[in-house]
Amino acid sequence: MGDNGSITSVLHQTAEQFHILVDSVEEYAIYMLDPNGTVVTWNKGAQKIKGYMPGEIIGKNFACFYTAEDVAAGKPQRNLSEAARRGNIRDQGLRVRKDGSTFEAEVILTALRNDQGTLRGYSKVTRDITDQIRSREFEAEKIAAQKASKAKDDFLAALSHELRTPLTPALAAATYLEENAKKIPQEFVEDVQLIKRNVKLQARLIDDLLDLTRITRGRLRIDLENCDAHIIINNAIDIASSAIAAKQLKLSTNLDAKQHHILADCIRLQQVFWNLINNAVKFTHPSGQITIHTFNDEAARFHFEITDNGIGIEPERLASLFTPFEQADASVTRQFGGLGLGLAISKHLVDLHHGTIEAKSRGRSFGAIFSVTLDTAAKGDATELDSPGRSKPPKPLRVLLVEDHRDTRRMLSRLLTHFGHQVLTADNVRSALDIVGSGEIDVLVCDIGLPDGSGYEVVSQTRRARPIKAVALTGFGTEEDLRRSKEAGFDFHLVKPVDFHELQTILDKLAA
Ligand code: ADP
């Protein structure tokens with residue numbers, strides 16, 4: 001009897017401790033229901049998560065924790081009978097607080113039976129997992145966004161490849177005709193230049209798309225050297241000169257800066273100036289006026305300012321001009337064309353040079369002023385860009401041209417022959433390696449994507465046989481492509497449409 005008494009009191013004590021333990025848990029709502037689902041006990045966690053005080057909820061049916069739809073669908077009752085049948089169930093879904101707000105809950109409902117197996121009620125443990133779900137959703141969204149952005153980048157790279165391929169033979173044909181201008185009637189000479197100009201413009205647009213991809217991937221790099229900004233500006237003006245002439249625009253150039261040497265990526269800086277000049281030309285009416293002015297400030301910084309009296313920009317639009325794909329308005333785009341990438345790319349390039357770029361306008365039809373400010377460097381050996389002068393190669397080379405695109409192969413071969421070289425052609429890996437095996441070749445000029453393999457295979461196998469120089473031709477211009485091409489053994493990498501002066505300069509170097 002005494003023993004029994006002490007067991008009872010120990011059990012009693014344990015139950016009490018258990019009750020205290022359960023009550024003190026705040027992260028979980030732990031409570032009991034009778035067999036009908038009426039709330040019998042209520043801990044602190046339940047109070048905290050669901051918002052009811054014990055006195056407000058004990059005696060009420062637990063269905064009030066479910067949403068109206070769940071109640072209408074009989075879910076509370078179904079959960080009870082399921083738990084009774086299986087012993088316990090796990091459920092996840094929306095639950096309702098006292099104030100009507102909802103939260104995402106994870107619930108374990110366990111049937112409680114006495115020794116005879118009679119159902120005495122249920123225990124319910126509920127956890128608020130809203131934050132977890134949110135962060136999981138956020139993670140999923142982030143991953144989906146990253147995937148989408150990679151897919152977009154890959155698409156742009158593939159698209160630019162496809163768009164470049166047909167440009168190469170077109171540009172090669174135009175260059176060839178230009179080279180033979182004396183043999184074609186005078187009236188067509190200008191058309192040839194027109195074709196060439198437009199193919200190059202198309203290539204520029206493709207480059208902009210690729211540049212944007214590089215920017216968004218943080219992969220756009222600049223190579224700093226000592227540049228003469230005035231030479232670069234004059235180069236940019238030269239490129240735009242035919243468009244300026246065509247619109248009969250008056251251009252005045254006041255290059256007043258005394259210090260005009262800049263530590264910069266000359267090609268990229270020329271791209272910025274060219275883009276601003278090109279925009280001024282594009283958005284100014286025929287016979288309009290464009291002024292280019294450079295000067296130094298007291299901190300010896302270099303200022304470039306281009307003013308036009310064209311269509312101008314609404315003040316509220318000034319800030320977003322440097323955002324990708326932003327254009328002043330749709331009617332402007334329809335009238336003047338363009339992708340709305342030039343200024344965004346220019347801004348990024350100027351940022352990489354630690355400079356600033358700004359737009360000013362008093363509004364529509366008041367013209368626009370764009371200015372770029374950069375730090376100057378001490379005068380050094382300025383790098384000059386573009387030396388269009390050409391001469392016959394010092395020594396004719398035996399060139400193996402591997403290219404599967406028929407038109408490109410034909411035109412490139414014709415042009416290389418015209419430049420004085422001896423050209424053999426192949427349109428796949430196998431025949432390229434046959435030629436390499438049977439004859440003496442000085443230079444390999446090779447496309448990357450080939451029907452039976454890749455240009456990487458051609459160069460690495462060729463290199464195993466003999467150490468000849470190799471130039472890769474590809475429609476892909478990503479950093480990754482350049483890296484792979486170097487690794488495979490190519491000495492030079494040209495992106496389609498191939499710039500023939502560049503190809504010629506490379507071959508001249510190899511022939512020297
Ligand atoms: P795009 O010229 O291809 O549209 P940009 O990024 O170079 O792309 O320019 C973005 C927009 O800024 C243009 O569409 C045009 O609305 C406006 N803009 C740029 N330069 C000028 C200018 N000189 N005068 C008026 N508007 C300009």
# chains A, B, ... in the order shown; residues from 1 in each chain; ligands from 1
>>> select_by_dssp(residues="stretch 302-458 of chain A", states="strand (DSSP E)", output="number ranges by chain")
A: 302-308, 356-360, 368-374, 398-402, 422-426, 443-447, 449-450, 453-454
>>> residues_around(residues="A:Thr462", least_positions_apart="2", cutoff="12 Å", atoms="only C-alpha atoms", output="ChimeraX atom specification")
/A:400,429-430,432-446,455-460,464-470,488-490
>>> write_last_selection(atoms="N, CA, C and O atoms", output="short mmCIF file (atom, residue, chain, number, x, y, z; two decimals), in the first residue's frame")
data_model
loop_
_atom_site.label_atom_id
_atom_site.label_comp_id
_atom_site.auth_asym_id
_atom_site.auth_seq_id
_atom_site.Cartn_x
_atom_site.Cartn_y
_atom_site.Cartn_z
N LEU A 400 46.18 27.23 -94.30
CA LEU A 400 45.10 26.25 -94.35
C LEU A 400 43.88 26.88 -93.70
O LEU A 400 43.89 27.20 -92.51
N VAL A 429 37.06 18.57 -89.62
CA VAL A 429 38.27 18.24 -88.86
C VAL A 429 39.12 17.21 -89.62
O VAL A 429 40.33 17.37 -89.78
N ARG A 430 38.43 16.16 -90.12
CA ARG A 430 39.16 15.06 -90.75
C ARG A 430 39.97 15.54 -91.95
O ARG A 430 41.17 15.29 -92.06
N ALA A 432 40.88 18.51 -92.67
CA ALA A 432 41.89 19.47 -92.24
C ALA A 432 43.14 18.72 -91.80
O ALA A 432 44.26 19.06 -92.20
N LEU A 433 42.94 17.65 -90.99
CA LEU A 433 44.10 16.91 -90.48
C LEU A 433 44.82 16.16 -91.61
O LEU A 433 46.04 16.02 -91.60
N ASP A 434 44.04 15.71 -92.64
CA ASP A 434 44.65 15.07 -93.81
C ASP A 434 45.61 16.03 -94.49
O ASP A 434 46.74 15.67 -94.84
N ILE A 435 45.14 17.26 -94.69
CA ILE A 435 45.97 18.26 -95.38
C ILE A 435 47.22 18.56 -94.55
O ILE A 435 48.33 18.62 -95.07
N VAL A 436 47.00 18.72 -93.22
CA VAL A 436 48.14 19.00 -92.33
C VAL A 436 49.17 17.87 -92.45
O VAL A 436 50.37 18.12 -92.53
N GLY A 437 48.67 16.62 -92.51
CA GLY A 437 49.55 15.46 -92.55
C GLY A 437 50.33 15.36 -93.85
O GLY A 437 51.46 14.87 -93.88
N SER A 438 49.70 15.82 -94.96
CA SER A 438 50.35 15.59 -96.25
C SER A 438 51.18 16.77 -96.76
O SER A 438 52.00 16.62 -97.64
N GLY A 439 50.96 17.94 -96.22
CA GLY A 439 51.68 19.07 -96.80
C GLY A 439 52.26 20.03 -95.81
O GLY A 439 52.03 19.93 -94.61
N GLU A 440 53.01 20.94 -96.34
CA GLU A 440 53.63 21.97 -95.52
C GLU A 440 52.68 23.16 -95.40
O GLU A 440 52.26 23.73 -96.40
N ILE A 441 52.34 23.48 -94.18
CA ILE A 441 51.43 24.60 -93.93
C ILE A 441 52.16 25.57 -93.01
O ILE A 441 52.83 25.16 -92.07
N ASP A 442 52.03 26.88 -93.29
CA ASP A 442 52.65 27.87 -92.39
C ASP A 442 51.68 28.30 -91.29
O ASP A 442 52.05 28.48 -90.15
N VAL A 443 50.43 28.51 -91.70
CA VAL A 443 49.45 29.06 -90.75
C VAL A 443 48.13 28.32 -90.87
O VAL A 443 47.68 28.00 -91.98
N LEU A 444 47.52 28.07 -89.73
CA LEU A 444 46.20 27.47 -89.70
C LEU A 444 45.20 28.57 -89.34
O LEU A 444 45.37 29.25 -88.31
N VAL A 445 44.19 28.80 -90.19
CA VAL A 445 43.12 29.76 -89.86
C VAL A 445 41.87 28.91 -89.74
O VAL A 445 41.42 28.32 -90.72
N CYS A 446 41.31 28.81 -88.53
CA CYS A 446 40.36 27.74 -88.29
C CYS A 446 39.11 28.18 -87.53
O CYS A 446 39.19 28.84 -86.49
N GLY A 455 37.44 23.14 -83.82
CA GLY A 455 38.72 23.72 -84.19
C GLY A 455 39.79 23.46 -83.13
O GLY A 455 40.98 23.42 -83.44
N TYR A 456 39.31 23.27 -81.87
CA TYR A 456 40.28 22.99 -80.79
C TYR A 456 41.03 21.69 -81.09
O TYR A 456 42.23 21.58 -80.85
N GLU A 457 40.26 20.69 -81.60
CA GLU A 457 40.89 19.40 -81.94
C GLU A 457 41.90 19.59 -83.06
O GLU A 457 42.99 19.03 -83.02
N VAL A 458 41.50 20.37 -84.09
CA VAL A 458 42.39 20.57 -85.23
C VAL A 458 43.70 21.17 -84.76
O VAL A 458 44.78 20.68 -85.09
N VAL A 459 43.61 22.23 -83.92
CA VAL A 459 44.85 22.91 -83.53
C VAL A 459 45.70 22.03 -82.61
O VAL A 459 46.91 21.94 -82.79
N SER A 460 45.05 21.30 -81.68
CA SER A 460 45.89 20.54 -80.76
C SER A 460 46.57 19.37 -81.47
O SER A 460 47.73 19.09 -81.22
N ARG A 464 50.68 18.87 -82.38
CA ARG A 464 51.46 17.69 -82.00
C ARG A 464 52.43 17.32 -83.13
O ARG A 464 53.53 16.86 -82.90
N ALA A 465 51.98 17.52 -84.38
CA ALA A 465 52.81 17.17 -85.54
C ALA A 465 53.91 18.22 -85.78
O ALA A 465 55.06 17.88 -85.97
N ARG A 466 53.52 19.50 -85.80
CA ARG A 466 54.54 20.54 -86.01
C ARG A 466 54.07 21.87 -85.41
O ARG A 466 52.86 22.11 -85.28
N PRO A 467 55.02 22.72 -85.04
CA PRO A 467 54.66 23.94 -84.32
C PRO A 467 54.26 25.09 -85.25
O PRO A 467 54.99 26.05 -85.39
N ILE A 468 53.09 24.96 -85.91
CA ILE A 468 52.70 26.06 -86.79
C ILE A 468 51.82 27.06 -86.02
O ILE A 468 51.26 26.75 -84.98
N LYS A 469 51.72 28.26 -86.56
CA LYS A 469 50.92 29.30 -85.92
C LYS A 469 49.45 29.08 -86.26
O LYS A 469 49.11 28.57 -87.33
N ALA A 470 48.57 29.44 -85.32
CA ALA A 470 47.16 29.19 -85.55
C ALA A 470 46.29 30.39 -85.14
O ALA A 470 46.54 31.01 -84.12
N ALA A 488 43.72 25.74 -76.04
CA ALA A 488 43.82 24.72 -77.08
C ALA A 488 45.07 24.92 -77.94
O ALA A 488 45.51 23.99 -78.60
N GLY A 489 45.64 26.11 -77.93
CA GLY A 489 46.88 26.33 -78.67
C GLY A 489 46.80 27.40 -79.75
O GLY A 489 47.75 27.58 -80.51
N PHE A 490 45.66 28.10 -79.85
CA PHE A 490 45.58 29.17 -80.85
C PHE A 490 46.40 30.37 -80.38
O PHE A 490 46.40 30.72 -79.20
#
>>> residues_around(residues="stretch 194-199 of chain A", least_positions_apart="6", cutoff="7 Å", atoms="only C-alpha atoms", output="ChimeraX atom specification")
/A:167,171,174
>>> atom_distance(atom1="atom CA of A:Asp207", atom2="atom CA of A:His293")
28.0 Å
>>> atom_distance(atom1="atom CA of A:Thr474", atom2="atom CA of A:Asn279")
29.7 Å
>>> residues_around(residues="stretch 130-137 of chain A", least_positions_apart="6", cutoff="12 Å", atoms="only C-alpha atoms", output="list in words")
Ile49, Gln92, Gly93, Leu94, Arg95, Thr102, Phe103, Glu104, Ala105, Glu106, Ile143, Ala144 and Ala145 of chain A
>>> write_last_selection(atoms="all heavy atoms", output="mmCIF file, in the first residue's frame")
data_model
loop_
_atom_site.group_PDB
_atom_site.id
_atom_site.type_symbol
_atom_site.label_atom_id
_atom_site.label_comp_id
_atom_site.auth_asym_id
_atom_site.auth_seq_id
_atom_site.Cartn_x
_atom_site.Cartn_y
_atom_site.Cartn_z
ATOM 1 N N ILE A 49 1.460 31.424 -30.421
ATOM 2 C CA ILE A 49 1.320 31.214 -31.869
ATOM 3 C C ILE A 49 -0.087 31.559 -32.346
ATOM 4 O O ILE A 49 -0.268 32.197 -33.369
ATOM 5 C CB ILE A 49 1.684 29.754 -32.241
ATOM 6 C CG1 ILE A 49 3.199 29.535 -32.014
ATOM 7 C CG2 ILE A 49 1.320 29.441 -33.682
ATOM 8 C CD1 ILE A 49 3.677 28.114 -32.192
ATOM 9 N N GLN A 92 0.497 19.802 -43.090
ATOM 10 C CA GLN A 92 1.062 21.143 -43.269
ATOM 11 C C GLN A 92 0.064 21.986 -44.032
ATOM 12 O O GLN A 92 -0.557 21.518 -44.976
ATOM 13 C CB GLN A 92 2.373 21.063 -44.052
ATOM 14 C CG GLN A 92 3.125 22.373 -44.046
ATOM 15 C CD GLN A 92 4.338 22.344 -44.968
ATOM 16 O OE1 GLN A 92 5.081 21.382 -44.980
ATOM 17 N NE2 GLN A 92 4.504 23.399 -45.737
ATOM 18 N N GLY A 93 -0.140 23.220 -43.582
ATOM 19 C CA GLY A 93 -1.079 24.069 -44.298
ATOM 20 C C GLY A 93 -1.341 25.353 -43.547
ATOM 21 O O GLY A 93 -0.731 25.624 -42.515
ATOM 22 N N LEU A 94 -2.271 26.123 -44.101
ATOM 23 C CA LEU A 94 -2.588 27.418 -43.487
ATOM 24 C C LEU A 94 -3.459 27.219 -42.257
ATOM 25 O O LEU A 94 -4.383 26.409 -42.254
ATOM 26 C CB LEU A 94 -3.362 28.273 -44.485
ATOM 27 C CG LEU A 94 -2.573 29.170 -45.438
ATOM 28 C CD1 LEU A 94 -3.529 30.138 -46.119
ATOM 29 C CD2 LEU A 94 -1.462 29.926 -44.723
ATOM 30 N N ARG A 95 -3.151 27.964 -41.162
ATOM 31 C CA ARG A 95 -3.991 27.936 -39.967
ATOM 32 C C ARG A 95 -4.330 29.381 -39.607
ATOM 33 O O ARG A 95 -3.602 30.303 -39.976
ATOM 34 C CB ARG A 95 -3.273 27.273 -38.794
ATOM 35 C CG ARG A 95 -3.038 25.779 -38.994
ATOM 36 C CD ARG A 95 -4.358 24.992 -39.034
ATOM 37 N NE ARG A 95 -4.113 23.559 -39.063
ATOM 38 C CZ ARG A 95 -3.922 22.865 -40.186
ATOM 39 N NH1 ARG A 95 -3.957 23.449 -41.367
ATOM 40 N NH2 ARG A 95 -3.701 21.559 -40.118
ATOM 41 N N THR A 102 -3.424 34.534 -40.911
ATOM 42 C CA THR A 102 -3.072 33.129 -41.118
ATOM 43 C C THR A 102 -1.566 32.926 -41.032
ATOM 44 O O THR A 102 -0.799 33.872 -41.164
ATOM 45 C CB THR A 102 -3.549 32.640 -42.500
ATOM 46 O OG1 THR A 102 -3.006 33.510 -43.476
ATOM 47 C CG2 THR A 102 -5.052 32.612 -42.609
ATOM 48 N N PHE A 103 -1.168 31.722 -40.801
ATOM 49 C CA PHE A 103 0.255 31.362 -40.809
ATOM 50 C C PHE A 103 0.404 29.960 -41.348
ATOM 51 O O PHE A 103 -0.558 29.190 -41.386
ATOM 52 C CB PHE A 103 0.872 31.484 -39.400
ATOM 53 C CG PHE A 103 0.312 30.520 -38.395
ATOM 54 C CD1 PHE A 103 0.998 29.353 -38.070
ATOM 55 C CD2 PHE A 103 -0.907 30.766 -37.769
ATOM 56 C CE1 PHE A 103 0.493 28.455 -37.146
ATOM 57 C CE2 PHE A 103 -1.432 29.871 -36.836
ATOM 58 C CZ PHE A 103 -0.739 28.709 -36.526
ATOM 59 N N GLU A 104 1.610 29.675 -41.822
ATOM 60 C CA GLU A 104 1.882 28.354 -42.379
ATOM 61 C C GLU A 104 2.264 27.443 -41.216
ATOM 62 O O GLU A 104 3.195 27.735 -40.469
ATOM 63 C CB GLU A 104 3.030 28.497 -43.384
ATOM 64 C CG GLU A 104 3.196 27.362 -44.351
ATOM 65 C CD GLU A 104 2.020 27.118 -45.282
ATOM 66 O OE1 GLU A 104 1.425 28.092 -45.802
ATOM 67 O OE2 GLU A 104 1.694 25.937 -45.458
ATOM 68 N N ALA A 105 1.502 26.352 -41.011
ATOM 69 C CA ALA A 105 1.728 25.508 -39.837
ATOM 70 C C ALA A 105 2.159 24.100 -40.217
ATOM 71 O O ALA A 105 1.766 23.573 -41.260
ATOM 72 C CB ALA A 105 0.445 25.416 -39.025
ATOM 73 N N GLU A 106 3.004 23.526 -39.343
ATOM 74 C CA GLU A 106 3.320 22.115 -39.466
ATOM 75 C C GLU A 106 2.733 21.462 -38.226
ATOM 76 O O GLU A 106 3.011 21.898 -37.102
ATOM 77 C CB GLU A 106 4.829 21.930 -39.509
ATOM 78 C CG GLU A 106 5.227 20.499 -39.820
ATOM 79 C CD GLU A 106 6.728 20.355 -39.840
ATOM 80 O OE1 GLU A 106 7.348 20.580 -38.783
ATOM 81 O OE2 GLU A 106 7.267 20.043 -40.904
ATOM 82 N N ILE A 143 17.145 30.939 -57.094
ATOM 83 C CA ILE A 143 17.740 29.941 -57.993
ATOM 84 C C ILE A 143 17.096 30.032 -59.377
ATOM 85 O O ILE A 143 17.786 30.031 -60.394
ATOM 86 C CB ILE A 143 17.596 28.521 -57.408
ATOM 87 C CG1 ILE A 143 18.498 28.409 -56.161
ATOM 88 C CG2 ILE A 143 17.966 27.455 -58.424
ATOM 89 C CD1 ILE A 143 18.261 27.195 -55.313
ATOM 90 N N ALA A 144 15.747 30.180 -59.375
ATOM 91 C CA ALA A 144 15.048 30.277 -60.660
ATOM 92 C C ALA A 144 15.537 31.504 -61.425
ATOM 93 O O ALA A 144 15.760 31.449 -62.636
ATOM 94 C CB ALA A 144 13.541 30.344 -60.433
ATOM 95 N N ALA A 145 15.725 32.628 -60.695
ATOM 96 C CA ALA A 145 16.166 33.862 -61.349
ATOM 97 C C ALA A 145 17.578 33.697 -61.911
ATOM 98 O O ALA A 145 17.865 34.130 -63.025
ATOM 99 C CB ALA A 145 16.132 35.024 -60.366
#
>>> residues_around(residues="A:Leu401", least_positions_apart="4", cutoff="10 Å", atoms="only C-alpha atoms", output="PyMOL selection string")
chain A and resi 409-410+412-413+416+423-427+432+443-447+471+473
>>> residues_around(residues="stretch 361-376 of chain A", least_positions_apart="5", cutoff="10 Å", atoms="only C-alpha atoms", output="VMD selection string")
chain A and resid 226 to 229 259 to 264 272 to 273 276 to 277 279 to 280 283 to 284 288 to 297 299 to 318 346 to 347 350 to 351 353 to 356
>>> closest_residue(among="A:Glu487, A:Glu82, A:Asp211, A:Glu179", to="A:Leu415", atoms="only C-alpha atoms")
A:Glu179
>>> closest_residue(among="A:Leu212, A:Leu343, A:Val399, A:Ile357", to="ligand 1", atoms="only C-alpha atoms and all ligand atoms")
A:Leu343
>>> closest_residue(among="A:Ala243, A:Ala511, A:Asp208, A:Lys496", to="ligand 1", atoms="only C-alpha atoms and all ligand atoms")
A:Asp208
>>> atom_distance(atom1="atom CA of A:Asp407", atom2="atom CA of A:Arg164")
13.0 Å
>>> residues_around(residues="A:Leu156", least_positions_apart="6", cutoff="10 Å", atoms="only C-alpha atoms", output="ChimeraX atom specification")
/A:150,162,206,209-210,212-213
>>> write_last_selection(atoms="all heavy atoms", output="PDB file, in the first residue's frame")
ATOM      1  N   LYS A 150      21.060  32.992 -66.516  1.00  0.00           N
ATOM      2  CA  LYS A 150      22.096  32.245 -67.236  1.00  0.00           C
ATOM      3  C   LYS A 150      21.550  31.827 -68.597  1.00  0.00           C
ATOM      4  O   LYS A 150      22.252  31.934 -69.610  1.00  0.00           O
ATOM      5  CB  LYS A 150      22.519  31.020 -66.427  1.00  0.00           C
ATOM      6  CG  LYS A 150      23.435  30.108 -67.193  1.00  0.00           C
ATOM      7  CD  LYS A 150      24.479  29.462 -66.351  1.00  0.00           C
ATOM      8  CE  LYS A 150      25.565  28.757 -67.156  1.00  0.00           C
ATOM      9  NZ  LYS A 150      25.235  28.364 -68.511  1.00  0.00           N
ATOM     10  N   GLU A 162      24.962  33.108 -84.126  1.00  0.00           N
ATOM     11  CA  GLU A 162      24.161  32.872 -85.322  1.00  0.00           C
ATOM     12  C   GLU A 162      24.075  34.124 -86.187  1.00  0.00           C
ATOM     13  O   GLU A 162      24.077  34.056 -87.401  1.00  0.00           O
ATOM     14  CB  GLU A 162      22.744  32.409 -84.939  1.00  0.00           C
ATOM     15  CG  GLU A 162      22.702  31.031 -84.307  1.00  0.00           C
ATOM     16  CD  GLU A 162      23.412  29.994 -85.165  1.00  0.00           C
ATOM     17  OE1 GLU A 162      23.099  29.902 -86.359  1.00  0.00           O
ATOM     18  OE2 GLU A 162      24.301  29.292 -84.636  1.00  0.00           O
ATOM     19  N   ILE A 206      25.478  43.647 -82.357  1.00  0.00           N
ATOM     20  CA  ILE A 206      25.677  42.329 -81.755  1.00  0.00           C
ATOM     21  C   ILE A 206      26.698  42.441 -80.622  1.00  0.00           C
ATOM     22  O   ILE A 206      26.528  41.873 -79.541  1.00  0.00           O
ATOM     23  CB  ILE A 206      26.144  41.307 -82.817  1.00  0.00           C
ATOM     24  CG1 ILE A 206      25.085  41.179 -83.903  1.00  0.00           C
ATOM     25  CG2 ILE A 206      26.426  39.955 -82.185  1.00  0.00           C
ATOM     26  CD1 ILE A 206      25.542  40.393 -85.116  1.00  0.00           C
ATOM     27  N   LEU A 209      25.129  43.710 -77.483  1.00  0.00           N
ATOM     28  CA  LEU A 209      24.403  42.670 -76.752  1.00  0.00           C
ATOM     29  C   LEU A 209      25.372  41.829 -75.929  1.00  0.00           C
ATOM     30  O   LEU A 209      25.119  41.513 -74.776  1.00  0.00           O
ATOM     31  CB  LEU A 209      23.674  41.744 -77.727  1.00  0.00           C
ATOM     32  CG  LEU A 209      22.316  42.207 -78.213  1.00  0.00           C
ATOM     33  CD1 LEU A 209      21.750  41.199 -79.195  1.00  0.00           C
ATOM     34  CD2 LEU A 209      21.359  42.363 -77.038  1.00  0.00           C
ATOM     35  N   LEU A 210      26.509  41.490 -76.535  1.00  0.00           N
ATOM     36  CA  LEU A 210      27.504  40.678 -75.831  1.00  0.00           C
ATOM     37  C   LEU A 210      28.143  41.446 -74.688  1.00  0.00           C
ATOM     38  O   LEU A 210      28.371  40.904 -73.615  1.00  0.00           O
ATOM     39  CB  LEU A 210      28.585  40.229 -76.800  1.00  0.00           C
ATOM     40  CG  LEU A 210      28.416  38.849 -77.390  1.00  0.00           C
ATOM     41  CD1 LEU A 210      29.652  38.479 -78.179  1.00  0.00           C
ATOM     42  CD2 LEU A 210      28.174  37.796 -76.312  1.00  0.00           C
ATOM     43  N   LEU A 212      26.784  43.738 -72.965  1.00  0.00           N
ATOM     44  CA  LEU A 212      25.818  43.801 -71.870  1.00  0.00           C
ATOM     45  C   LEU A 212      25.837  42.514 -71.061  1.00  0.00           C
ATOM     46  O   LEU A 212      25.776  42.525 -69.833  1.00  0.00           O
ATOM     47  CB  LEU A 212      24.423  44.059 -72.435  1.00  0.00           C
ATOM     48  CG  LEU A 212      23.408  44.361 -71.355  1.00  0.00           C
ATOM     49  CD1 LEU A 212      23.583  45.794 -70.880  1.00  0.00           C
ATOM     50  CD2 LEU A 212      22.001  44.149 -71.836  1.00  0.00           C
ATOM     51  N   THR A 213      25.958  41.385 -71.771  1.00  0.00           N
ATOM     52  CA  THR A 213      26.040  40.097 -71.073  1.00  0.00           C
ATOM     53  C   THR A 213      27.283  40.066 -70.192  1.00  0.00           C
ATOM     54  O   THR A 213      27.248  39.607 -69.067  1.00  0.00           O
ATOM     55  CB  THR A 213      26.161  38.945 -72.098  1.00  0.00           C
ATOM     56  OG1 THR A 213      25.416  39.289 -73.226  1.00  0.00           O
ATOM     57  CG2 THR A 213      25.674  37.660 -71.533  1.00  0.00           C
TER      58      THR A 213
END
>>> decode(residues="stretch 454-505 of chain A", atoms="C-alpha atoms", output="CSV table (one decimal), in the first residue's frame")
chain,number,residue,atom,x,y,z
A,454,SER,CA,35.9,21.4,-83.2
A,455,GLY,CA,38.7,23.7,-84.2
A,456,TYR,CA,40.3,23.0,-80.8
A,457,GLU,CA,40.9,19.4,-81.9
A,458,VAL,CA,42.4,20.6,-85.2
A,459,VAL,CA,44.8,22.9,-83.5
A,460,SER,CA,45.9,20.5,-80.8
A,461,GLN,CA,46.5,17.6,-83.1
A,462,THR,CA,48.2,19.8,-85.7
A,463,ARG,CA,50.5,21.2,-83.0
A,464,ARG,CA,51.5,17.7,-82.0
A,465,ALA,CA,52.8,17.2,-85.5
A,466,ARG,CA,54.5,20.5,-86.0
A,467,PRO,CA,54.7,23.9,-84.3
A,468,ILE,CA,52.7,26.1,-86.8
A,469,LYS,CA,50.9,29.3,-85.9
A,470,ALA,CA,47.2,29.2,-85.6
A,471,VAL,CA,44.4,31.8,-85.7
A,472,ALA,CA,40.9,30.9,-84.4
A,473,LEU,CA,37.8,32.3,-86.2
A,474,THR,CA,34.7,32.2,-84.1
A,475,GLY,CA,31.2,33.7,-83.8
A,476,PHE,CA,31.5,33.5,-80.1
A,477,GLY,CA,33.3,36.3,-78.4
A,478,THR,CA,32.9,35.5,-74.7
A,479,GLU,CA,35.8,35.6,-72.3
A,480,GLU,CA,35.4,31.8,-71.9
A,481,ASP,CA,35.8,31.3,-75.6
A,482,LEU,CA,39.0,33.4,-75.6
A,483,ARG,CA,40.4,31.4,-72.7
A,484,ARG,CA,39.5,28.0,-74.3
A,485,SER,CA,41.0,29.1,-77.6
A,486,LYS,CA,44.3,30.1,-75.9
A,487,GLU,CA,44.4,26.8,-74.0
A,488,ALA,CA,43.8,24.7,-77.1
A,489,GLY,CA,46.9,26.3,-78.7
A,490,PHE,CA,45.6,29.2,-80.8
A,491,ASP,CA,47.9,32.2,-81.0
A,492,PHE,CA,45.2,34.6,-82.1
A,493,HIS,CA,41.4,34.7,-81.8
A,494,LEU,CA,39.3,36.7,-84.2
A,495,VAL,CA,35.5,37.1,-83.7
A,496,LYS,CA,33.2,37.0,-86.7
A,497,PRO,CA,32.6,39.0,-88.7
A,498,VAL,CA,36.3,39.0,-89.2
A,499,ASP,CA,38.0,42.4,-89.4
A,500,PHE,CA,40.3,41.8,-92.5
A,501,HIS,CA,42.7,44.5,-91.6
A,502,GLU,CA,43.2,42.7,-88.3
A,503,LEU,CA,43.6,39.3,-90.0
A,504,GLN,CA,46.0,40.9,-92.4
A,505,THR,CA,48.0,42.5,-89.6
